[in-house]
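Participant: Coordinates in model_18.cif, mmCIF, C-alpha atoms, are listed below.
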```
data_input
#
loop_
_atom_site.label_atom_id
_atom_site.label_comp_id
_atom_site.auth_asym_id
_atom_site.auth_seq_id
_atom_site.Cartn_x
_atom_site.Cartn_y
_atom_site.Cartn_z
CA MET A 1 -129.88 197.79 -57.55
CA ILE A 2 -126.73 197.87 -55.41
CA GLU A 3 -127.20 201.59 -54.81
CA LEU A 4 -130.81 200.98 -53.76
CA MET A 5 -129.78 198.24 -51.35
CA THR A 6 -127.07 200.47 -49.88
CA THR A 7 -129.58 203.30 -49.40
CA VAL A 8 -132.04 200.96 -47.70
CA ALA A 9 -129.31 199.60 -45.40
CA ILE A 10 -128.21 203.10 -44.39
CA ALA A 11 -131.82 204.13 -43.78
CA GLY A 12 -132.27 201.06 -41.60
CA ILE A 13 -129.20 201.91 -39.51
CA LEU A 14 -130.31 205.52 -39.08
CA ALA A 15 -133.80 204.42 -38.07
CA ALA A 16 -132.36 202.07 -35.46
CA MET A 17 -130.18 204.84 -34.06
CA ILE A 18 -133.08 207.29 -33.87
CA TYR A 19 -135.32 204.67 -32.26
CA ALA A 20 -132.67 203.95 -29.63
CA VAL A 21 -132.38 207.64 -28.73
CA VAL A 22 -136.11 208.37 -28.78
CA GLY A 23 -136.95 205.12 -27.04
CA SER A 24 -134.71 205.98 -24.10
CA GLN A 25 -136.32 209.38 -23.50
CA PRO A 26 -139.47 208.22 -21.65
CA GLY A 27 -137.34 206.31 -19.13
CA LYS A 28 -135.08 209.28 -18.51
CA ALA A 29 -138.05 211.62 -18.20
CA LYS A 30 -139.58 209.31 -15.59
CA ASP A 31 -136.28 209.26 -13.67
CA ARG A 32 -136.26 213.07 -13.61
CA THR A 33 -139.82 213.13 -12.28
CA ASP A 34 -139.03 210.40 -9.74
CA TYR A 35 -135.91 212.24 -8.58
CA LEU A 36 -137.88 215.40 -7.78
CA GLN A 37 -140.46 213.35 -5.89
CA TYR A 38 -137.83 211.41 -3.92
CA ARG A 39 -135.91 214.61 -3.17
CA ASP A 40 -138.99 216.42 -1.90
CA ASP A 41 -139.98 213.42 0.24
CA ILE A 42 -136.57 213.13 1.90
CA MET A 43 -136.60 216.88 2.54
CA ALA A 44 -140.00 216.52 4.21
CA ALA A 45 -138.59 213.79 6.47
CA ALA A 46 -135.55 215.88 7.40
CA LYS A 47 -135.41 218.51 10.11
CA PHE A 48 -132.98 220.65 8.14
CA THR A 49 -131.73 220.67 4.55
CA LYS A 50 -128.53 222.33 3.36
CA TRP A 51 -128.06 223.27 -0.30
CA ASN A 52 -124.93 223.49 -2.41
CA TYR A 53 -125.19 227.20 -3.20
CA ASN A 54 -125.00 230.42 -1.23
CA LYS A 55 -127.89 232.33 -2.82
CA PRO A 56 -131.16 230.39 -2.47
CA SER A 57 -133.01 233.27 -4.17
CA ASP A 58 -131.07 232.84 -7.42
CA PRO A 59 -133.29 230.85 -9.84
CA GLN A 60 -130.28 230.13 -12.07
CA ALA A 61 -128.29 228.45 -9.32
CA GLY A 62 -128.05 224.70 -9.01
CA ARG A 63 -130.34 223.18 -6.44
CA LEU A 64 -128.64 220.09 -5.07
CA ILE A 65 -128.78 218.83 -1.49
CA SER A 66 -125.45 218.97 0.36
CA GLY A 67 -126.59 218.14 3.89
CA LEU A 68 -129.49 216.56 5.79
CA GLU A 69 -130.21 216.67 9.50
CA PHE A 70 -132.88 214.44 11.02
CA ASP A 71 -134.56 214.74 14.40
CA PRO A 72 -134.77 211.82 16.89
CA SER A 73 -138.20 210.76 15.59
CA VAL A 74 -136.84 209.69 12.18
CA ARG A 75 -137.52 206.07 11.20
CA ILE A 76 -135.90 203.73 8.68
CA LEU A 77 -138.84 204.00 6.28
CA ASP A 78 -138.30 207.76 6.13
CA LEU A 79 -134.94 207.08 4.45
CA GLN A 80 -136.25 204.89 1.63
CA ASN A 81 -136.23 207.79 -0.80
CA LEU A 82 -132.55 208.35 -0.07
CA TRP A 83 -131.95 204.71 -1.00
CA LEU A 84 -133.98 205.07 -4.21
CA MET A 85 -131.90 208.04 -5.38
CA ILE A 86 -128.56 206.22 -5.19
CA GLN A 87 -129.49 202.95 -6.88
CA PRO A 88 -126.93 201.81 -9.50
CA HIS A 89 -129.26 202.11 -12.51
CA PHE A 90 -131.05 205.31 -11.52
CA HIS A 91 -130.12 207.91 -14.16
CA MET A 92 -130.35 210.85 -11.75
CA ARG A 93 -128.14 209.38 -9.02
CA PHE A 94 -125.34 211.82 -9.92
CA LYS A 95 -127.43 214.61 -8.35
CA MET A 96 -126.80 213.05 -4.93
CA MET A 97 -123.02 213.36 -5.15
CA GLN A 98 -123.17 216.81 -3.54
CA LEU A 99 -124.68 215.33 -0.36
CA ASP A 100 -121.64 215.19 1.92
CA GLU A 101 -123.13 215.33 5.43
CA LEU A 102 -125.81 213.38 7.30
CA ASN A 103 -126.87 213.95 10.91
CA PHE A 104 -128.75 211.24 12.83
CA ASN A 105 -127.72 212.27 16.34
CA ASP A 106 -129.95 210.98 19.18
CA SER A 107 -132.10 208.95 16.77
CA SER A 108 -132.94 205.23 16.68
CA PHE A 109 -130.36 204.65 13.92
CA ARG A 110 -129.35 200.97 13.86
CA ASN A 111 -127.00 198.86 11.77
CA ASN A 112 -129.56 198.00 9.07
CA TRP A 113 -130.28 201.70 8.48
CA PHE A 114 -126.90 201.88 6.75
CA THR A 115 -128.45 200.02 3.79
CA ASN A 116 -130.09 203.31 2.80
CA ILE A 117 -126.68 204.85 2.08
CA ILE A 118 -124.51 201.83 1.20
CA GLY A 119 -125.07 198.23 0.17
CA ILE A 120 -125.45 195.74 -2.67
CA ASP A 121 -128.63 195.41 -4.73
CA LYS A 122 -130.40 192.20 -5.72
CA LYS A 123 -128.31 191.89 -8.89
CA GLY A 124 -124.95 192.23 -7.16
CA TYR A 125 -124.32 195.89 -7.95
CA PRO A 126 -122.82 197.93 -5.09
CA TYR A 127 -124.27 201.35 -4.33
CA ARG A 128 -123.36 204.11 -1.90
CA LEU A 129 -123.78 207.79 -1.22
CA GLU A 130 -120.63 208.62 -3.16
CA GLY A 131 -120.02 212.14 -1.84
CA LEU A 132 -120.61 211.43 1.86
CA GLU A 133 -117.78 212.86 3.98
CA TYR A 134 -119.28 213.26 7.45
CA ILE A 135 -121.95 211.26 9.25
CA GLN A 136 -123.11 212.07 12.76
CA LEU A 137 -124.38 209.11 14.79
CA GLU A 138 -124.04 210.39 18.35
CA LYS A 139 -125.99 208.34 20.92
CA THR A 140 -127.47 205.96 18.33
CA HIS A 141 -127.76 202.15 18.41
CA ILE A 142 -125.05 201.18 15.94
CA THR A 143 -122.41 198.59 16.82
CA ASP A 144 -119.01 197.47 15.56
CA GLU A 145 -120.83 195.26 13.05
CA GLY A 146 -122.54 198.31 11.60
CA LEU A 147 -119.26 200.21 11.30
CA ARG A 148 -117.74 197.27 9.46
CA PHE A 149 -120.62 197.44 6.96
CA LEU A 150 -119.16 200.73 5.73
CA TYR A 151 -116.23 198.88 4.21
CA GLN A 152 -117.22 195.20 4.18
CA HIS A 153 -120.65 193.94 3.17
CA ASN A 154 -122.59 191.74 5.58
CA LYS A 155 -125.58 189.63 4.47
CA ARG A 156 -126.85 189.59 8.03
CA ILE A 157 -127.41 193.34 7.84
CA GLN A 158 -128.74 193.24 4.27
CA PRO A 159 -130.22 189.74 3.68
CA SER A 160 -131.99 190.79 0.45
CA SER A 161 -128.72 191.53 -1.34
CA ASP A 162 -126.94 189.30 -3.85
CA THR A 163 -123.24 188.48 -3.91
CA VAL A 164 -121.33 191.49 -5.20
CA GLN A 165 -120.10 191.24 -8.78
CA ALA A 166 -116.38 190.50 -8.61
CA SER A 167 -115.38 193.29 -10.98
CA LEU A 168 -117.21 195.86 -8.81
CA ALA A 169 -116.17 194.68 -5.36
CA LYS A 170 -113.49 197.37 -4.94
CA SER A 171 -116.09 200.12 -5.40
CA TYR A 172 -118.15 199.00 -2.39
CA PRO A 173 -116.41 200.76 0.59
CA MET A 174 -117.54 204.24 1.65
CA SER A 175 -114.14 205.61 0.63
CA SER A 176 -115.31 209.23 0.61
CA LEU A 177 -115.92 209.21 4.38
CA LYS A 178 -113.60 211.60 6.25
CA LYS A 179 -115.29 212.02 9.62
CA ILE A 180 -117.77 210.14 11.82
CA ASN A 181 -119.29 210.99 15.20
CA LEU A 182 -119.78 207.93 17.43
CA TYR A 183 -119.94 209.70 20.78
CA GLY A 184 -122.21 207.89 23.23
CA CYS A 185 -122.66 204.80 21.02
CA LYS A 186 -122.59 202.00 23.59
CA GLY A 187 -122.32 199.25 20.97
CA VAL A 188 -119.09 200.63 19.53
CA SER A 189 -115.76 199.46 20.96
CA LYS A 190 -112.19 200.63 20.65
CA LYS A 191 -111.47 197.53 18.59
CA GLY A 192 -114.26 198.40 16.16
CA VAL A 193 -113.02 201.97 15.80
CA ALA A 194 -109.46 200.75 15.24
CA ALA A 195 -110.69 198.51 12.42
CA LEU A 196 -112.59 201.44 10.88
CA LYS A 197 -109.46 203.61 10.99
CA LYS A 198 -107.46 200.86 9.34
CA ALA A 199 -110.03 200.59 6.55
CA PHE A 200 -110.16 204.38 6.08
CA PRO A 201 -106.71 205.84 6.88
CA GLY A 202 -106.92 209.41 8.09
CA ILE A 203 -110.59 209.30 9.06
CA ILE A 204 -111.54 211.44 12.09
CA VAL A 205 -113.54 209.44 14.64
CA ILE A 206 -115.28 211.17 17.55
CA THR A 207 -115.93 208.74 20.42
CA THR A 208 -116.83 208.77 24.09
CA TRP A 209 -113.21 208.02 25.04
CA ASP A 210 -111.83 210.51 22.51
CA PRO A 211 -114.38 213.32 22.07
CA ASN A 212 -111.92 215.83 20.61
CA PRO A 213 -109.57 214.01 18.22
CA PRO A 214 -107.15 216.08 16.10
CA GLY A 215 -108.95 217.71 13.21
CA SER A 216 -112.40 217.52 14.76
#
```
Mind turning the file's structure into structure tokens?
Facilitator:
Amino acid sequence: MIELMTTVAIAGILAAMIYAVVGSQPGKAKDRTDYLQYRDDIMAAAKFTKWNYNKPSDPQAGRLISGLEFDPSVRILDLQNLWLMIQPHFHMRFKMMQLDELNFNDSSFRNNWFTNIIGIDKKGYPYRLEGLEYIQLEKTHITDEGLRFLYQHNKRIQPSSDTVQASLAKSYPMSSLKKINLYGCKGVSKKGVAALKKAFPGIIVITTWDPNPPGS
């Protein structure tokens, strides 16, 4: 009898383990399908897409986006798919870590557009485009408040967000950022740029008053 009970218990544990693995597959499969759809949609909205490999004809090569350039007609809704791909609980978000450059020069980019690449979701989880190193915002409508959003969350820019979970607060800032182009941005001041440089030591900032900083 004891042996029978032990066998039944083991069978029950194995069944639970198998169910957990199998049960998670449909969700992951949907995420894979969603990722491809989101990726294709953001590519359609972009003027130019750069990939992370040198031989586009090689079917065995990885196909991950490393750069996106948008023309002046881009709108905030066009970037929703970018936001969807970097959400905290999206299983395929790791595929966006190769995206290290965004170009929004001469567009209508405003402070709230930043929520498509960094922010806090409705459950308090921070999210960001983790591999982003260079963002071009020449002659856009961002201000000092928008720059601050890159390292300090602001409910006024993202009113739908919840308070960040305390244990995750340090992961909020766009710490990967190495360079930003703010040339011609009338809402950006020297004080705002100084604060950005303090938050991200070593960052290269291109501005109207300093169009050719060292390293640019």
Participant: Neighbouring residues of Leu150 of chain A were defined as those with any atom within 7 Å, considering only C-alpha atoms; residues of the same chain fewer than 2 positions away were excluded. Please report them as a PyMOL selection string.
Facilitator: chain A and resi 147-148+152+173-174
Participant: Can you measure atom CA of Lys50 of chain A to atom CA of Ser66 of chain A for me? One decimal in Å is fine.
Facilitator: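 About the pair atom CA of Lys50 of chain A and atom CA of Ser66 of chain A: they are 5.5 Å apart.
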Participant: Quick one: distance from atom CA of Lys178 of chain A to atom CA of Leu82 of chain A in Å, one decimal?
Facilitator: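 Distance between the two atoms: 20.2 Å.
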Participant: List the neighbours of Phe90 of chain A out to 12 Å using only C-alpha atoms; skip same-chain residues closer than 5 positions along the sequence, and give me the result as a PyMOL selection string.
Facilitator: chain A and resi 27-35+38+82-85+95-96+127
Participant: May I ask which of the residues A:Ile135, A:Ile42, A:Leu36, A:Ile117 is the closest one to Met92 of chain A, counting only C-alpha atoms?
Facilitator: A:Leu36
Participant: Select, from A:Gln136, A:Ser161, A:Gln37, A:Asn52, the residue with the minimum atom-to-atom distance to Leu102 of chain A, counting all atoms listed in the file.
Facilitator: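 Result for the nearest residue to Leu102 of chain A: A:Gln136.
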Participant: What is the distance, in Å and to one decimal place, between atom CA of Gly187 of chain A and atom CA of Phe109 of chain A?
Facilitator: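 Distance between the two atoms: 12.0 Å.
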Participant: Spell out the residues picked by the PyMOL selection byres ((chain A and resi 213) around 12) here, as a compact mmCIF listing (two decimals) with C-alpha atoms, in the coordinates of the input.
Facilitator:
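Below is the file that was written, out_3.txt:
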```
# COMPACT_ATOMS: atom_id res chain seq x y z
CA LYS A 179 -115.29 212.02 9.62
CA ILE A 180 -117.77 210.14 11.82
CA ASN A 181 -119.29 210.99 15.20
CA LEU A 182 -119.78 207.93 17.43
CA TYR A 183 -119.94 209.70 20.78
CA GLY A 202 -106.92 209.41 8.09
CA ILE A 203 -110.59 209.30 9.06
CA ILE A 204 -111.54 211.44 12.09
CA VAL A 205 -113.54 209.44 14.64
CA ILE A 206 -115.28 211.17 17.55
CA THR A 207 -115.93 208.74 20.42
CA THR A 208 -116.83 208.77 24.09
CA TRP A 209 -113.21 208.02 25.04
CA ASP A 210 -111.83 210.51 22.51
CA PRO A 211 -114.38 213.32 22.07
CA ASN A 212 -111.92 215.83 20.61
CA PRO A 214 -107.15 216.08 16.10
CA GLY A 215 -108.95 217.71 13.21
CA SER A 216 -112.40 217.52 14.76
```
Participant: For Val188 of chain A, which residue among A:Ser73, A:Thr143, A:Thr115, A:Gln87 is the nearest when counting only C-alpha atoms?
Facilitator: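 Once distances to Val188 of chain A are computed over only C-alpha atoms, the minimum belongs to A:Thr143.
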Participant: Would you write out, as a list of chain:residue names, every residue that the PyMOL selection byres ((chain A and resi 158) around 10) captures in this file?
Facilitator: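 So the PyMOL selection byres ((chain A and resi 158) around 10) ends up selecting A:Asn111, A:Asn112, A:Trp113, A:Phe114, A:Thr115, A:Gly119, A:Ile120, A:Asp121, A:Phe149, A:His153, A:Asn154, A:Lys155, A:Arg156, A:Ile157, A:Pro159, A:Ser160, A:Ser161, A:Asp162.
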Participant: Residues picked by the PyMOL selection byres ((chain A and resi 99) around 12) here, as a VMD selection string?
Facilitator: chain A and resid 39 49 to 52 63 to 69 82 85 to 86 93 to 98 100 to 103 117 128 to 135 176 to 177
Participant: Got a sec: who's within 8 Å of Pro126 of chain A, counting only C-alpha atoms, leaving out chain neighbours fewer than 4 positions off, as JSON, numbers by chain?
Facilitator: {"A": [88, 118, 119, 120, 121, 164, 168, 169, 171, 172]}
Participant: My list of candidates is A:Asp144, A:Asn105, A:Asp41, A:His89. Which is closest to Leu196 of chain A when distances are computed with only C-alpha atoms?
Facilitator: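 Checking each of A:Asp144, A:Asn105, A:Asp41, A:His89 against Leu196 of chain A, counting only C-alpha atoms, the winner is A:Asp144.
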